[in-house]
Amino acid sequence: MTTDTALKVADYKSDLKPIWCSGCGDYGVITPFYQALAEIQAQPKDTVIVSGIGCSGRFPYFCNTYGFHGVHGRALPTAAGVKIANPDLAVVAVGGDGDGLGIGGGHVAHVCRKNIDMTYILIDNSIYGLTKGQSSPTSPLDMTSKTAPYAYLEDPVNPLLMMLAYDASFVARGYSGKPKVLKELFTRALKHEGFSVLHIYSPCVSMNKQVTFKTMNEIVQPLPDDWDTSDRLKGMEMAMDTGTFYTGVVYEDHRPTIHRRLDDLEERSGRYDELGDLFRQYK
Amino acid sequence: MTTDTALKVADYKSDLKPIWCSGCGDYGVITPFYQALAEIQAQPKDTVIVSGIGCSGRFPYFCNTYGFHGVHGRALPTAAGVKIANPDLAVVAVGGDGDGLGIGGGHVAHVCRKNIDMTYILIDNSIYGLTKGQSSPTSPLDMTSKTAPYAYLEDPVNPLLMMLAYDASFVARGYSGKPKVLKELFTRALKHEGFSVLHIYSPCVSMNKQVTFKTMNEIVQPLPDDWDTSDRLKGMEMAMDTGTFYTGVVYEDHRPTIHRRLDDLEERSGRYDELGDLFRQYK
Amino acid sequence: MATHDLVVRIGGEGGEGVISCGEILSRAVARGGLNIHAFRTFPAEIRGGLAMFQLRGSDGPARSLSQSVDVLCAINHNAYDAYVGNIKSDGVLLYDPAFVKIDDRLGGRRRIELPLDAISNEATGASRAKNMVAMGALLAVFDVPVEYGKTLAGEHFGTKGEDVVRMNQGAIEAGHTYALQHMAEIRKPFNRIPDRDQILVNGNEACAMGAIAAGVDFVPGYPITPATPIFEFLCRELPRFGGKAVQFEDEIASLAAGIGASFAGKRVLTATSGPGLSLMSETLNLAAMTECPITIINVMRGGPSTGMPTKTEQSDLKFAIYGTSGESPRCIMAPLDIYDCFWQTVRAVRIAEKYQIPVIVLTDQALAYTSQNIDTPDLTDVELGERLAPPLDTDPETFERYADTENGISPMPIPGVHELMYMSTGLEHTPKGAPNYTPANHELMTAKRFRKLTALGRRVVQQSHVEEEEPEGVEVGIIGWGSTYGAITEAIEQIEADTGVRVAHLHPRILSPLPEWRIRQFLGPLKKLIVPEENYTGQYAHFLKGKFGIKPIEIHKAHGVPFTAEELVGAIKEEL
Amino acid sequence: MATHDLVVRIGGEGGEGVISCGEILSRAVARGGLNIHAFRTFPAEIRGGLAMFQLRGSDGPARSLSQSVDVLCAINHNAYDAYVGNIKSDGVLLYDPAFVKIDDRLGGRRRIELPLDAISNEATGASRAKNMVAMGALLAVFDVPVEYGKTLAGEHFGTKGEDVVRMNQGAIEAGHTYALQHMAEIRKPFNRIPDRDQILVNGNEACAMGAIAAGVDFVPGYPITPATPIFEFLCRELPRFGGKAVQFEDEIASLAAGIGASFAGKRVLTATSGPGLSLMSETLNLAAMTECPITIINVMRGGPSTGMPTKTEQSDLKFAIYGTSGESPRCIMAPLDIYDCFWQTVRAVRIAEKYQIPVIVLTDQALAYTSQNIDTPDLTDVELGERLAPPLDTDPETFERYADTENGISPMPIPGVHELMYMSTGLEHTPKGAPNYTPANHELMTAKRFRKLTALGRRVVQQSHVEEEEPEGVEVGIIGWGSTYGAITEAIEQIEADTGVRVAHLHPRILSPLPEWRIRQFLGPLKKLIVPEENYTGQYAHFLKGKFGIKPIEIHKAHGVPFTAEELVGAIKEEL
Ligand SMILES: Cc1ncc(C[n+]2csc(CCOP(=O)(O)OP(=O)(O)O)c2C)c(N)n1
Ligand SMILES: Cc1ncc(C[n+]2csc(CCOP(=O)(O)OP(=O)(O)O)c2C)c(N)n1
Ligand code: SF4
Ligand code: SF4
Ligand SMILES: [Mg+2]
Ligand SMILES: [Mg+2]
């Protein structure tokens with residue numbers, strides 16, 4: 001593959017065919033993602049997709065880029081390591097609601113505050129898909145599941161509100177039933193310098209019979225045209241309105257990434273020329 | 001000890017003398033805590049204090065109640081287990097900013113949404129005290145520490161904003177330099193039915209020379225008298241104002257705890273009389 | 001008395017069809033008075049790929065999976081492709097001619113057309129019910145009244161409405177009728193034992209039932225294949241017994257909550273698999289140090305790392321024994337079949353409570369997904385084991401939570417019950433619970449904690465083996481553990497029948513602390529010891545070597561699928 | 001040539017005073033041309049409790065801590081109380097009569113008044129500088145020019161301003177003068193070796209320097225006692241070499257980030273201790289499965305659980321070897337002294353990179369907080385080891401990231417460098433990296449991964465022991481590991497001197513994979529093997545038993561403090 005020929009959508013598909021159930025929302029996520037990669041002409045050899053465990057964690061297998069399928073809940077810190085190691089790479093992390101808000105929930109605030117320059121695709125289906133239907137952190141109160149056979153007893157987390165509270169520097173929300181919007185959001189997220197998170201609702205047609213394409217279609221709505229992406233508080237207010245599922249870029253901010261700050265550090269610390277400079281301090 | 005004699009503050013102190021450095025903010029936390037216990041006449045035998053690891057994690061040793069000193073970052077789920085096991089116990093979890101917002105940060109959202117009826121005392125000193133002075137999740141940008149010898153490269157998390165975003169059902173903020181206010185806050189938090197969290201700034205006089213009693217005194221201020229504790233969004237706005245450190249009860253909400261919902265479940269599931277009822281389903 | 005055995009495998013496209021066909025069939029055959037052994041595999045992916053269900057029905061003990069089958073029912077060509085080689089030379093292929101293309105590989109083996117699709121269409125107007133057609137046909141093969149199948153299908157599809165029930169029952173009827181006409185010769189003259197008081201369960205269900213029987217009243221959990229069904233079972237059933245099953249955000253929180261609940265006086269159990277157990281390591285150590293009883297069922301799967309979540313392997317033994325930093329006591333157990341899953345779980349909880357230690361029960365994916373009909377457990381006279389509690393009038397001044405007793409077990413007060421407030425801590429502590437790092441105290445408390453294991457080890461002797469006495473004059477012995485029990489037992493029977501060589505078999509259920517005295521006795525007369533394990537490195541063999549200085553012959557299989565008796569016969573014969 | 005040794009212990013209230021006195025003194029004595037061995041203890045709590053600093057200066061090798069001291073300098077009564085029993089019968093107590101009340105326990109031993117408080121007040125007008133008075137006095141005892149101490153104090157207190165420096169230098173001077181008058185008799189006729197090219201470092205510093213020398217360029221970290229100083233060192237020094245040290249929110253994130261960076265082509269190292277290593281278990285397994293090189297320095301502390309964070313113990317060995325679910329390859333190493341901490345870290349990183357495996361280096365709290373002066377490492381001719389990379393023009397169609405090679409090592413492309421995109425996954429996978437759970441593939445890939453360990457094991461032989469040849473006709477041997485090296489070596493010298501019995505000593509630095517051939521050779525002539533370890537259960541002994549079917553005599557010490565040579569002499573003599 002040479003870099004001076006434009007890459008097409010097909011160039012981003014790997015040889016493996018997605019093994020998601022037919023009708024799974026995740027098809028509606030990966031297609032616009034391929035399109036966005038083509039739109040920005042991402043170089044496969046310079047692109048790394050890191051995932052956690054779950055149906056959504058299968059994502060990188062289907063992309064013709066470098067891929068890393070790590071352990072459950074650790075996509076973000078693993079991806080952070082890739083990016084800090086080599087800031088020239090384009091890094092994407094992807095995982096499900098269980099992966100990213102349950103077991104991995106503790107890592108999100110910290111990549112946000114480091115403002116690691118990567119894109120996080122949080123694929124939410126309000127269920128544990130791969131393990132076949134247990135409650136997840138976004139399962140609504142009272143929803144039944146294999147681990148809540150009578151009713152779910154917990155209130156769901158509010159992922160969007162959390163991302164805003166963590167001060168992610170780019171926060172957007174999408175829906176796999178609206179792939180065109182998604183392509184746009186992916187493109188913007190990938191271009192953003194800093195940590196960008198996309199909360200995407202993507203129905204699980206096999207395991208979740210309660211939050212579905214049908215119920216989602218009723219509440220999905222684009223953000224108003226005049227939406228001010230610099231108003232974090234307004235974004236929070238919107239996020240607290242759980243009756244409507246607004247899609248679009250909610251918030252965007254430009255501030256230094258840890259990579260830039262680390263670059264500065266090399267100067268600040270005072271460069272040594274050789275090991276002997278270090279040894280000398282201990283004579 | 002008999003329960004019909006009123007318990008005094010001294011009754012809540014254990015035989016172990018606190019081993020914190022002299023001048024440590026944590027003395028200003030534990031004293032009003034004893035007072036609050038006396039105020040509500042907590043029964044030592046029905047009270048369990050669970051802590052993580054850190055200087056602040058030593059808290060339960062100094063209280064004449066049941067105490068559990070677990071591993072780093074797991075005070076909340078451990079305490080949750082105690083409370084779910086026996087909802088008649090009064091349960092308090094306590095730990096530092098590293099313990100609760102770093103390694104244990106992933107658990108907070110989930111005790112909030114379970115609305116476990118307990119009190120969480122988050123003792124924040126913007127440093128890792130016990131391990132002698134490394135950066136913590138609340139260390140301000142640029143603050144130097146043993147792991148940030150040139151400058152800290154990360155923005156701090158905003159604990160108050162996070163707790164509000166997680167929808168903790170009682171959120172308050174205090175300062176160990178104002179123990180009277182703290183006593184009041186502890187009393188209210190302990191009485192609240194549901195998950196109550198107290199974010200307390202408590203300077204580390206030995207390891208943190210940058211956020212100190214002095215710098216805190218300049219920015220601490222009580223919430224306005226007419227503060228509306230039912231307005232979560234307003235609370236968020238206030239939390240985002242990091243120039244002032246408002247103390248008081250920021251937010252309070254009354255909604256069912258998981259304990260009540262679990263009680264309901266016993267009914268809903270249909271009670272069996274004996275093992276045979278279960279075996280019968282598998283014949 | 002000669003026993004009869006019939007092994008049937010159904011293969012088809014992944015998804016529920018094949019599995020529910022197999023499940024209903026199993027139950028019908030069990031009710032029909034045979035001992036069954038049912039196993040399934042499915043792809044790790046949610047959809048697509050091959051699913052298979054294998055049912056063995058026998059009037060003798062049906063202890064293990066069999067590699068070769070009497071009947072292969074191939075619903076599609078992939079199934080034929082994958083499994084044709086497994087049909088015994090005197091076996092039969094049942095196949096749908098519309099989907100399966102026979103080739104050379106069938107060789108001289110018999111085949112019988114079973115036009116599932118056509119029959120389903122004819123009987124119900126749709127292809128959808130073809131799994132039930134297969135079921136009806138296989139009922140006939142096992143000579144089980146078709147009514148059994150229809151009743152069970154009625155229950156199975158009940159929630160989906162009468163039409164669905166009727167359609168499926170029609171399909172069963174049609175399959176059955178077809179089979180009576182075309183397959184009569186497959187039937188065997190089984191000696192049935194009808195009307196037994198039995199239940200049909202898999203290893204996961206047996207463990208979960210064992211937990212309830214053991215009086216477990218708090219179950220924190222986090223889903224992980226292949227242990228998830230234990231937690232799901234308990235989410236459904238535990239509330240009916242007044243207990244609580246609560247899902248947490250990860251395994252760390254789950255075990256931490258379990259320890260909290262144990263500290264608060266509950267009997268606690270959780271279930272997980274390799275990656276989850278890994279995350280529990282730090283907290284497990286805390287349980288040992290604070291002496292909070294807790295039981296973990298670890299359903300082993302193919303490793304390492306995420307590995308092969310839907311495959312079986314006996315590879316977490318060393319991790320279970322050594323998987324914590326520093327040195328703390330712990331008991332490791334391994335049930336040897338479905339029935340034992342129930343009883344060893346009951347026993348595990350008892351041991352945890354009595355000794356105030358963590359207990360890990362190692363089952364595996366094969367046990368978890370194998371069903372057998374077992375005698376309904378009778379809990380009369382079963383000791384559940386109580387935690388040692390201090391008398392209510394104990395003097396708090398002199399009370400020591402971690403008293404240095406002879407067997408290491410110290411009285412544990414319960415918050416809310418005892419007026420004996422104490423600190424439970426992961427730091428090294430005095431008998432009173434105060435942090436203390438002096439050499440003398442560390443030595444005292446380490447010894448106290450380990451003395452519990454010695455005390456337990458002494459008691460284990462009487463209970464942990466399968467055969468009370470080895471055959472006279474035996475020179476060859478096998479030590480196995482866990483789910484290989486059935487295959488080893490059948491292999492030994494076969495070898496004795498084939499060669500006349502007698503082989504002794506020890507299958508400890510408590511793997512650590514080792515039942516030393518018993519093992520020494522077993523090793524006594526042996527010239528050869530064989531240790532078969534479903535792992536790559538020979539974990540139990542290495543453990544035995546470390547303890548007894550022996551050099552066993554090791555048989556390793558790390559294929560993701562269990563040993564079959566046939567395989568073991570071959571491997572063992574080579575060593576005789 | 002007779003060698004001379006002087007062991008001085010300073011004891012006082014917790015906090016910085018005692019420690020900084022000891023640190024400056026150590027450096028001055030080292031510059032003065034002696035070999036030093038300096039050890040410290042402090043309470044786990046931030047303040048309060050007793051702190052002690054022990055300095056051994058010698059013109060021979062100063063390999064170990066000593067239990068008994070020539071000079072005890074008791075700053076307060078608590079120090080006298082705790083340590084008076086450790087003074088040798090011909091030793092001396094230096095004490096401040098204003099604070100220390102002498103009693104019977106001193107027995108016939110000499111004492112010399114050292115009125116620290118009074119001297120400090122007289123010389124500086126405050127009590128504060130009394131630690132420096134002690135330092136000055138001890139300089140005189142070691143016969144080191146007072147200027148050395150004053151210069152070092154100048155550097156130490158430099159940032160606090162000239163007044164502080166002057167005050168402390170005055171105190172040193174005063175202490176020195178006092179000592180010259182009152183303590184001349186304590187001095188020994190050392191044969192000094194001045195002007196050596198040496199550095200004075202502790203085990204943590206040596207490991208951290210080793211990491212830099214090894215070309216490590218990414219260090220994720222999370223603080224934990226006693227490993228924190230390694231990370232702090234690297235936060236300070238790594239940027240000066242263009243590397244990055246980044247703190248994460250916990251050990252899980254830290255190791256995950258490390259693996260990400262390793263995948264991206266960096267040389268990665270992190271440091272932790274027991275509880276942190278526990279949390280890394282799942283991710284460590286991922287590193288093995290994805291074959292991402294990574295090095296972990298695990299500084300062992302007293303366990304289990306939170307245990308005794310500031311005390312030492314060799315109790316994480318089994319966990320390091322077996323601490324992951326399933327079966328995956330890993331290399332476990334243990335440096336034997338400070339110098340070795342440097343070199344084994346360099347070697348660990350090389351092994352990790354070459355074999356694409358995780359390497360765990362086990363040091364301990366005793367090594368971490370022991371300082372020695374060592375020759376400045378010379379890196380000329382040292383092979384740092386490169387990861388196997390595919391040629392840039394490799395054909396992506398046929399390229400296999402996990403190619404099944406003879407030694408199991410496969411070429412690893414780097415994102416951004418190679419146009420060889422592949423999937424790195426914790427699932428079992430084909431040589432190409434695609435998930436695959438078939439028996440044949442699992443067998444192939446498991447064998448491939450373990451073959452790396454076999455290849456490594458074969459190479460280990462030549463390098464992992466201390467003595468190339470055992471003495472002729474020896475019948476008693478000792479196998480040790482890690483930080484006990486110094487104490488064992490000195491004990492053997494003592495025993496040979498006392499009894500004439502020759503004792504062989506093997507001290508492998510690579511503990512797993514075991515250097516089998518070498519150990520067999522060592523065991524050959526032995527009638528008795530002794531394995532001393534600082535743990536309760538005899539972890540390495542058990543490991544050796546499992547591999548070689550031997551029955552060593554085990555000496556266990558789990559006291560939180562290291563073996564002393566004296567102790568070992570006693571224990572070993574009992575077994576002769
Ligand atoms: C440590 C660990 N615990 C549990 C699991 C089992 N597991 C795999 S995926 C998953 C949850 C998947 O849910 P989600 O993240 O929402 O992804 P989805 O499948 O819905 O896309 C779980 C619990 C695991 N692989 N590792
Ligand atoms: C798993 C694990 N990692 C690291 C540590 C070391 N450690 C002990 S306390 C602590 C941080 C303490 O900081 P904080 O929680 O803010 O409490 P403080 O001492 O400031 O009150 C750390 C990192 C540990 N005990 N366990
Ligand atoms: S189970 Fe749900 S999330 Fe997983 S592939 Fe199927 S539809 Fe998609
Ligand atoms: S180190 Fe800081 S937090 Fe810890 S006891 Fe001392 S002053 Fe308090
Ligand atoms: Mg999901
Ligand atoms: Mg802190």
# chains A, B, ... in the order shown; residues from 1 in each chain; ligands from 1
$ residues_near_ligand --ligand "ligand 5" --cutoff "9 Å" --atoms "only C-alpha atoms and all ligand atoms" --output "list in words"
Gly54, Cys55, Ser56, Gly95, Gly96, Asp97, Gly98, Asp99, Ile123, Asp124, Asn125, Ser126, Ile127, Tyr128, Gly129, Leu130, Gly133, Ser135, Ser136, Pro137, Thr138, Ser202, Pro203 and Cys204 of chain A
$ write_last_selection --atoms "N, CA and C atoms" --output "compact mmCIF listing (two decimals), in the first residue's frame"
# COMPACT_ATOMS: atom_id res chain seq x y z
N GLY A 54 -15.77 -7.84 25.00
CA GLY A 54 -17.21 -7.69 24.79
C GLY A 54 -17.47 -7.86 23.31
N CYS A 55 -18.73 -7.88 22.91
CA CYS A 55 -19.00 -7.94 21.48
C CYS A 55 -18.33 -6.76 20.79
N SER A 56 -18.48 -5.60 21.42
CA SER A 56 -17.87 -4.38 20.89
C SER A 56 -16.36 -4.47 20.87
N GLY A 95 -14.87 0.04 23.30
CA GLY A 95 -15.37 -0.98 24.22
C GLY A 95 -16.82 -0.72 24.59
N GLY A 96 -17.39 -1.66 25.32
CA GLY A 96 -18.80 -1.59 25.65
C GLY A 96 -19.08 -0.86 26.95
N ASP A 97 -20.35 -0.81 27.30
CA ASP A 97 -20.77 -0.12 28.51
C ASP A 97 -20.30 -0.85 29.76
N GLY A 98 -20.26 -2.16 29.70
CA GLY A 98 -19.75 -2.91 30.84
C GLY A 98 -18.26 -2.70 30.96
N ASP A 99 -17.60 -2.82 29.84
CA ASP A 99 -16.15 -2.69 29.78
C ASP A 99 -15.68 -1.30 30.24
N ILE A 123 -19.33 2.02 23.15
CA ILE A 123 -20.50 1.43 22.48
C ILE A 123 -21.45 0.87 23.52
N ASP A 124 -22.53 1.57 23.70
CA ASP A 124 -23.45 1.31 24.80
C ASP A 124 -24.68 0.56 24.29
N ASN A 125 -24.96 -0.59 24.89
CA ASN A 125 -26.20 -1.30 24.56
C ASN A 125 -26.99 -1.67 25.82
N SER A 126 -26.59 -1.06 26.91
CA SER A 126 -27.28 -1.27 28.20
C SER A 126 -27.38 -2.74 28.58
N ILE A 127 -26.40 -3.52 28.15
CA ILE A 127 -26.42 -4.94 28.48
C ILE A 127 -25.01 -5.50 28.32
N TYR A 128 -24.74 -6.60 28.97
CA TYR A 128 -23.54 -7.36 28.66
C TYR A 128 -23.88 -8.29 27.51
N GLY A 129 -23.40 -7.93 26.32
CA GLY A 129 -23.77 -8.72 25.14
C GLY A 129 -23.04 -10.04 25.07
N LEU A 130 -21.72 -9.98 25.09
CA LEU A 130 -20.92 -11.18 24.84
C LEU A 130 -21.20 -12.30 25.84
N GLY A 133 -26.27 -11.38 28.11
CA GLY A 133 -27.47 -10.78 28.69
C GLY A 133 -27.55 -10.54 30.17
N SER A 135 -27.20 -7.52 33.37
CA SER A 135 -27.36 -6.08 33.54
C SER A 135 -26.03 -5.36 33.39
N SER A 136 -26.09 -4.17 32.88
CA SER A 136 -24.87 -3.36 32.75
C SER A 136 -25.07 -2.05 33.49
N PRO A 137 -24.02 -1.25 33.63
CA PRO A 137 -24.17 0.01 34.37
C PRO A 137 -25.18 0.97 33.75
N THR A 138 -25.54 0.76 32.49
CA THR A 138 -26.54 1.66 31.90
C THR A 138 -27.90 1.00 31.74
N SER A 202 -25.98 1.69 20.74
CA SER A 202 -25.96 0.71 19.66
C SER A 202 -26.72 -0.54 20.12
N PRO A 203 -27.98 -0.66 19.75
CA PRO A 203 -28.82 -1.71 20.33
C PRO A 203 -28.27 -3.13 20.13
N CYS A 204 -28.43 -3.93 21.15
CA CYS A 204 -28.11 -5.35 21.10
C CYS A 204 -29.42 -6.07 20.80
$ residues_around --residues "region 155-158 of chain A" --least-positions-apart "3" --cutoff "9 Å" --atoms "only C-alpha atoms" --output "list in words"
Leu101, Ser126, Ser136, Pro137, Thr138, Ser139, Pro140, Leu141, Asp142, Tyr152, Leu161, Met162, Met163, Ala239, Met240 and Thr242 of chain A; Ala109, His110, Cys112, Arg113, Lys114, Asn115, Ala165, Tyr166 and Asp167 of chain B
$ interface_residues --of "chain B" --to "chain C" --cutoff "8 Å" --atoms "only C-alpha atoms" --output "JSON, numbers by chain"
{"B": [44, 45, 46, 47, 48, 60, 61, 64, 65, 66, 67, 68, 69, 70, 71, 74, 77, 78, 79, 80, 81, 82, 83, 84, 85, 86, 88, 89, 107, 110, 262, 265, 266, 269, 270, 271, 272, 273, 274, 275, 278, 279, 280, 282, 283]}
$ residues_around --residues "Ala10 (chain A)" --least-positions-apart "3" --cutoff "12 Å" --atoms "only C-alpha atoms" --output "count of residues only"
17
$ residues_around --residues "Gln356 (chain D)" --least-positions-apart "2" --cutoff "9 Å" --atoms "only C-alpha atoms" --output "PDB file with N, CA and C atoms, in the first residue's frame"
ATOM      1  N   ALA D 287       0.405  -9.821  28.779  1.00  0.00           N
ATOM      2  CA  ALA D 287       1.725  -9.552  28.199  1.00  0.00           C
ATOM      3  C   ALA D 287       2.326 -10.841  27.653  1.00  0.00           C
ATOM      4  N   ALA D 288       2.184 -11.919  28.420  1.00  0.00           N
ATOM      5  CA  ALA D 288       2.736 -13.200  27.974  1.00  0.00           C
ATOM      6  C   ALA D 288       2.023 -13.683  26.714  1.00  0.00           C
ATOM      7  N   THR D 290       0.227 -11.888  24.470  1.00  0.00           N
ATOM      8  CA  THR D 290       0.441 -11.039  23.304  1.00  0.00           C
ATOM      9  C   THR D 290       1.934 -10.948  22.973  1.00  0.00           C
ATOM     10  N   GLU D 291       2.756 -11.541  23.834  1.00  0.00           N
ATOM     11  CA  GLU D 291       4.207 -11.547  23.654  1.00  0.00           C
ATOM     12  C   GLU D 291       4.793 -10.140  23.585  1.00  0.00           C
ATOM     13  N   CYS D 292       4.312  -9.310  24.489  1.00  0.00           N
ATOM     14  CA  CYS D 292       4.864  -7.962  24.632  1.00  0.00           C
ATOM     15  C   CYS D 292       5.899  -7.987  25.760  1.00  0.00           C
ATOM     16  N   PRO D 293       7.142  -7.644  25.448  1.00  0.00           N
ATOM     17  CA  PRO D 293       8.190  -7.625  26.481  1.00  0.00           C
ATOM     18  C   PRO D 293       7.857  -6.615  27.572  1.00  0.00           C
ATOM     19  N   ILE D 294       8.113  -6.981  28.809  1.00  0.00           N
ATOM     20  CA  ILE D 294       7.944  -6.009  29.881  1.00  0.00           C
ATOM     21  C   ILE D 294       8.726  -6.491  31.100  1.00  0.00           C
ATOM     22  N   ILE D 351      16.480  -9.760  28.457  1.00  0.00           N
ATOM     23  CA  ILE D 351      15.742 -11.022  28.307  1.00  0.00           C
ATOM     24  C   ILE D 351      14.308 -10.756  27.858  1.00  0.00           C
ATOM     25  N   ALA D 352      13.679  -9.779  28.485  1.00  0.00           N
ATOM     26  CA  ALA D 352      12.301  -9.451  28.103  1.00  0.00           C
ATOM     27  C   ALA D 352      12.220  -9.142  26.619  1.00  0.00           C
ATOM     28  N   GLU D 353      13.146  -8.300  26.153  1.00  0.00           N
ATOM     29  CA  GLU D 353      13.107  -7.877  24.755  1.00  0.00           C
ATOM     30  C   GLU D 353      13.422  -9.033  23.813  1.00  0.00           C
ATOM     31  N   LYS D 354      14.428  -9.797  24.157  1.00  0.00           N
ATOM     32  CA  LYS D 354      14.843 -10.866  23.250  1.00  0.00           C
ATOM     33  C   LYS D 354      13.815 -11.973  23.146  1.00  0.00           C
ATOM     34  N   PRO D 358       7.329 -11.425  29.755  1.00  0.00           N
ATOM     35  CA  PRO D 358       7.452 -10.609  30.958  1.00  0.00           C
ATOM     36  C   PRO D 358       8.574 -11.169  31.836  1.00  0.00           C
ATOM     37  N   ARG D 387      14.859  -6.467  20.241  1.00  0.00           N
ATOM     38  CA  ARG D 387      13.692  -7.256  19.888  1.00  0.00           C
ATOM     39  C   ARG D 387      13.805  -7.717  18.443  1.00  0.00           C
ATOM     40  N   LEU D 388      13.357  -8.911  18.165  1.00  0.00           N
ATOM     41  CA  LEU D 388      13.387  -9.397  16.788  1.00  0.00           C
ATOM     42  C   LEU D 388      12.342  -8.652  15.959  1.00  0.00           C
ATOM     43  N   ILE D 409      10.606 -17.642  19.282  1.00  0.00           N
ATOM     44  CA  ILE D 409      10.629 -16.174  19.155  1.00  0.00           C
ATOM     45  C   ILE D 409      10.203 -15.774  17.748  1.00  0.00           C
ATOM     46  N   SER D 410       9.239 -14.885  17.659  1.00  0.00           N
ATOM     47  CA  SER D 410       8.701 -14.491  16.353  1.00  0.00           C
ATOM     48  C   SER D 410       8.944 -13.003  16.131  1.00  0.00           C
ATOM     49  N   MET D 412       8.420  -9.161  15.599  1.00  0.00           N
ATOM     50  CA  MET D 412       7.370  -8.262  16.115  1.00  0.00           C
ATOM     51  C   MET D 412       7.429  -6.917  15.391  1.00  0.00           C
ATOM     52  N   LYS D 452      10.100 -20.637  24.163  1.00  0.00           N
ATOM     53  CA  LYS D 452      10.954 -19.494  24.469  1.00  0.00           C
ATOM     54  C   LYS D 452      11.640 -19.684  25.818  1.00  0.00           C
TER      55      LYS D 452
END
$ atom_distance --atom1 "CA of Ser196 (chain A)" --atom2 "CA of Ala42 (chain A)"
16.5 Å
$ atom_distance --atom1 "atom 1 (C, counted along the ligand's line) of ligand 2" --atom2 "CA of Thr537 (chain D)"
23.5 Å
$ select_by_dssp --residues "region 133-243 of chain A" --states "strand (DSSP E)" --output "ChimeraX atom specification"
/A:170-175,196-201,220-222
$ atom_distance --atom1 "CA of Phe548 (chain C)" --atom2 "CA of Thr324 (chain D)"
24.8 Å
$ closest_residue --among "C:Val501, C:Leu284, C:Ile553, C:Val92" --to "chain D" --atoms "only C-alpha atoms"
C:Leu284
$ residues_around --residues "region 102-110 of chain D" --least-positions-apart "5" --cutoff "12 Å" --atoms "only C-alpha atoms" --output "JSON, numbers by chain"
{"D": [69, 70, 71, 72, 74, 76, 77, 78, 79, 80, 81, 82, 83, 84, 85, 86, 87, 88, 89, 90, 91, 92, 93, 94, 95, 96, 97, 183, 185, 186]}
$ residues_around --residues "Val382 (chain D)" --least-positions-apart "5" --cutoff "10 Å" --atoms "only C-alpha atoms" --output "JSON, numbers by chain"
{"D": [213, 214, 346, 347]}
$ write_last_selection --atoms "N, CA and C atoms" --output "CSV table (one decimal), in the first residue's frame"
chain,number,residue,atom,x,y,z
D,213,ALA,N,20.3,2.4,32.2
D,213,ALA,CA,21.4,1.8,31.4
D,213,ALA,C,20.8,0.8,30.4
D,214,ALA,N,19.7,0.1,30.7
D,214,ALA,CA,19.2,-0.9,29.8
D,214,ALA,C,18.4,-0.3,28.6
D,346,VAL,N,19.6,-4.7,34.0
D,346,VAL,CA,20.0,-4.6,32.6
D,346,VAL,C,19.7,-5.9,31.9
D,347,ARG,N,20.0,-7.0,32.6
D,347,ARG,CA,19.8,-8.3,32.0
D,347,ARG,C,18.3,-8.6,31.8
$ closest_residue --among "A:Gln210, A:Thr5, A:Gln281, A:Thr257" --to "chain B" --atoms "only C-alpha atoms"
A:Thr257
